Amino acid sequence: MKLMKINKITGEIFCLSNLHIGGSKDSIGIGFMDNPVIKHPITSEPYIPGSSIKGRMRCNMERRLGRYKTVVKKDEHGIETKEIRHEPCRCGSCLVCKTFGSMSKNADSPTRLIVRDAYLTEDSKAKNRDIMDEKGINIYGVKYETAIDRKTGAALGGSLRPIEYVPSETAFNLEMKLQIFDIDNEDEIISFVKRALKSLEETYIGGMGSRGYGQVKLRNLRLNGEPFDLESVNF
Ligand SMILES: [Zn+2]
């Protein structure tokens, strides 16, 4: 197998709603914060890890192609409930495995898609600096939300927990590399990646999507410098 070409896909991830990407409390040193946003350790600016973007794209496409497992679970009373779990496909040969990488140890198929961490655009950086200078407010807001019991979905009485988020209208730079090998159908893989990009707009990025976080629009998309949009991407 021979590497024939490396395509470059660039664009902007524009937040239509607030975005929450969970970071670790330890790595950013905010002791009281329950749900910090991931920030770069040196610049303290928020970013979206490439793995978050890629993971969401993969999960969306596994659903579309039915490449996930349905696991039957039994509760303590022996009652069976069907739960759809999104375990990554391990076949090593389908479009999902080719594009996003196979979890199988035996697979000799290299990951075609590489997604870089997405950092703030220069515009978004400048905007944040201006607001900080003008009002002294940290734009990466903290919002208090009622804690939800993960199993039952019921609100846990009383306690509001802080959630740190990136406000809507923030933009991040998207950059991906798509490797094409001599055995690949390039058009097929590019169409698949475009479909996966569109799926990001149809779902969300980051955490708490069911609560309205992470709705995005992809802007200024380019494939090797040539503009393209997702309007023509079919279901
Ligand atoms: Zn597969």
# chains A, B, ... in the order shown; residues from 1 in each chain; ligands from 1

call {"tool": "residues_near_ligand", "arguments": {"ligand": "ligand 1", "cutoff": "12 Å", "atoms": "only C-alpha atoms and all ligand atoms", "output": "MDAnalysis selection string"}}
result
chainID A and resid 58:59 61:63 65:69 87:104 107 109 111

call {"tool": "residues_around", "arguments": {"residues": "Ser17 of chain A", "least_positions_apart": "6", "cutoff": "12 Å", "atoms": "only C-alpha atoms", "output": "PyMOL selection string"}}
result
chain A and resi 165-171+201+203-206+208-209+211-217

call {"tool": "write_last_selection", "arguments": {"atoms": "N, CA and C atoms", "output": "compact mmCIF listing (two decimals), in the first residue's frame"}}
result
# COMPACT_ATOMS: atom_id res chain seq x y z
N TYR A 165 -18.23 27.54 29.98
CA TYR A 165 -18.51 27.34 28.56
C TYR A 165 -17.89 28.44 27.72
N VAL A 166 -17.79 28.16 26.43
CA VAL A 166 -17.36 29.15 25.45
C VAL A 166 -18.65 29.73 24.87
N PRO A 167 -18.78 31.06 24.86
CA PRO A 167 -20.05 31.64 24.42
C PRO A 167 -20.31 31.46 22.93
N SER A 168 -21.58 31.51 22.57
CA SER A 168 -21.97 31.42 21.16
C SER A 168 -21.29 32.56 20.39
N GLU A 169 -21.13 32.36 19.11
CA GLU A 169 -20.47 33.29 18.19
C GLU A 169 -18.94 33.29 18.31
N THR A 170 -18.42 32.36 19.10
CA THR A 170 -16.97 32.16 19.11
C THR A 170 -16.63 31.27 17.91
N ALA A 171 -15.48 31.53 17.28
CA ALA A 171 -15.07 30.71 16.13
C ALA A 171 -13.71 30.07 16.37
N GLU A 201 -22.94 19.59 12.11
CA GLU A 201 -23.95 20.65 12.16
C GLU A 201 -25.31 20.10 12.60
N THR A 203 -25.74 17.62 14.65
CA THR A 203 -25.73 17.17 16.05
C THR A 203 -25.10 18.27 16.91
N TYR A 204 -23.96 18.01 17.48
CA TYR A 204 -23.31 19.00 18.33
C TYR A 204 -21.87 18.58 18.56
N ILE A 205 -21.09 19.51 19.10
CA ILE A 205 -19.72 19.21 19.49
C ILE A 205 -19.62 19.41 20.99
N GLY A 206 -18.85 18.55 21.64
CA GLY A 206 -18.61 18.71 23.07
C GLY A 206 -19.72 18.09 23.91
N MET A 208 -23.01 17.96 26.76
CA MET A 208 -24.34 18.48 27.08
C MET A 208 -25.13 18.95 25.87
N GLY A 209 -24.95 18.25 24.76
CA GLY A 209 -25.68 18.58 23.54
C GLY A 209 -27.18 18.49 23.71
N ARG A 211 -28.77 19.41 26.09
CA ARG A 211 -29.22 20.60 26.81
C ARG A 211 -28.95 21.86 25.99
N GLY A 212 -28.69 21.67 24.73
CA GLY A 212 -28.59 22.82 23.83
C GLY A 212 -27.18 23.34 23.59
N TYR A 213 -26.20 22.71 24.21
CA TYR A 213 -24.82 23.16 24.00
C TYR A 213 -24.25 22.60 22.70
N GLY A 214 -23.25 23.30 22.17
CA GLY A 214 -22.43 22.72 21.11
C GLY A 214 -22.99 22.73 19.70
N GLN A 215 -24.02 23.55 19.45
CA GLN A 215 -24.54 23.63 18.08
C GLN A 215 -23.59 24.49 17.25
N VAL A 216 -23.16 23.95 16.12
CA VAL A 216 -22.15 24.67 15.32
C VAL A 216 -22.54 24.79 13.85
N LYS A 217 -21.90 25.76 13.21
CA LYS A 217 -22.01 25.92 11.77
C LYS A 217 -20.57 25.90 11.24

call {"tool": "residues_around", "arguments": {"residues": "Ile38 of chain A", "least_positions_apart": "4", "cutoff": "7 Å", "atoms": "only C-alpha atoms", "output": "PyMOL selection string"}}
result
chain A and resi 21-23+46-47

call {"tool": "write_last_selection", "arguments": {"atoms": "N, CA, C and O atoms", "output": "short mmCIF file (atom, residue, chain, number, x, y, z; two decimals), in the first residue's frame"}}
result
data_model
loop_
_atom_site.label_atom_id
_atom_site.label_comp_id
_atom_site.auth_asym_id
_atom_site.auth_seq_id
_atom_site.Cartn_x
_atom_site.Cartn_y
_atom_site.Cartn_z
N ILE A 21 -16.65 21.94 26.38
CA ILE A 21 -15.74 20.82 26.19
C ILE A 21 -15.10 20.59 27.55
O ILE A 21 -14.36 21.44 28.02
N GLY A 22 -15.42 19.47 28.16
CA GLY A 22 -14.93 19.23 29.51
C GLY A 22 -13.42 19.12 29.60
O GLY A 22 -12.80 18.42 28.81
N GLY A 23 -12.84 19.86 30.52
CA GLY A 23 -11.42 19.74 30.78
C GLY A 23 -11.21 19.08 32.12
O GLY A 23 -12.17 18.73 32.79
N PRO A 46 -9.40 28.78 25.35
CA PRO A 46 -10.09 27.51 25.13
C PRO A 46 -9.81 26.97 23.74
O PRO A 46 -9.53 27.73 22.82
N TYR A 47 -9.87 25.67 23.60
CA TYR A 47 -9.73 25.05 22.28
C TYR A 47 -10.56 23.78 22.24
O TYR A 47 -11.00 23.28 23.28
#

call {"tool": "closest_residue", "arguments": {"among": "A:Arg112, A:Asn173, A:Lys127, A:Ser44", "to": "Phe192 of chain A", "atoms": "only C-alpha atoms"}}
result
A:Arg112

call {"tool": "atom_distance", "arguments": {"atom1": "atom CA of Pro49 of chain A", "atom2": "atom CA of Ala118 of chain A"}}
result
6.2 Å

call {"tool": "residues_around", "arguments": {"residues": "Met176 of chain A", "least_positions_apart": "5", "cutoff": "6 Å", "atoms": "only C-alpha atoms", "output": "PyMOL selection string"}}
result
chain A and resi 8-9+114-116

call {"tool": "write_last_selection", "arguments": {"atoms": "N, CA, C and O atoms", "output": "PDB file, in the first residue's frame"}}
result
ATOM      1  N   LYS A   8      -5.886  18.566   2.152  1.00  0.00           N
ATOM      2  CA  LYS A   8      -5.999  19.442   3.320  1.00  0.00           C
ATOM      3  C   LYS A   8      -7.398  20.066   3.343  1.00  0.00           C
ATOM      4  O   LYS A   8      -7.831  20.650   2.346  1.00  0.00           O
ATOM      5  N   ILE A   9      -8.075  19.918   4.455  1.00  0.00           N
ATOM      6  CA  ILE A   9      -9.400  20.520   4.614  1.00  0.00           C
ATOM      7  C   ILE A   9      -9.310  21.565   5.719  1.00  0.00           C
ATOM      8  O   ILE A   9      -8.821  21.284   6.814  1.00  0.00           O
ATOM      9  N   ILE A 114      -6.860  12.878   9.751  1.00  0.00           N
ATOM     10  CA  ILE A 114      -6.168  13.426  10.915  1.00  0.00           C
ATOM     11  C   ILE A 114      -6.823  14.767  11.232  1.00  0.00           C
ATOM     12  O   ILE A 114      -6.925  15.631  10.349  1.00  0.00           O
ATOM     13  N   VAL A 115      -7.309  14.920  12.453  1.00  0.00           N
ATOM     14  CA  VAL A 115      -7.991  16.166  12.821  1.00  0.00           C
ATOM     15  C   VAL A 115      -7.140  16.903  13.845  1.00  0.00           C
ATOM     16  O   VAL A 115      -6.814  16.366  14.908  1.00  0.00           O
ATOM     17  N   ARG A 116      -6.756  18.125  13.517  1.00  0.00           N
ATOM     18  CA  ARG A 116      -5.937  18.939  14.430  1.00  0.00           C
ATOM     19  C   ARG A 116      -6.802  19.547  15.527  1.00  0.00           C
ATOM     20  O   ARG A 116      -7.997  19.748  15.334  1.00  0.00           O
TER      21      ARG A 116
END

call {"tool": "closest_residue", "arguments": {"among": "A:Asp75, A:Asp123, A:Asp130, A:Glu188", "to": "Phe14 of chain A", "atoms": "only C-alpha atoms"}}
result
A:Asp123

call {"tool": "atom_distance", "arguments": {"atom1": "atom CA of Asp133 of chain A", "atom2": "atom CA of Glu12 of chain A"}}
result
25.4 Å

call {"tool": "closest_residue", "arguments": {"among": "A:Glu231, A:Glu122, A:Asp184, A:Glu175", "to": "Thr10 of chain A", "atoms": "only C-alpha atoms"}}
result
A:Glu175

call {"tool": "atom_distance", "arguments": {"atom1": "atom CA of Thr43 of chain A", "atom2": "atom CA of Asn128 of chain A"}}
result
12.9 Å

call {"tool": "closest_residue", "arguments": {"among": "A:Leu218, A:Pro227, A:Pro110, A:Ile42", "to": "Ile180 of chain A", "atoms": "only C-alpha atoms"}}
result
A:Pro110
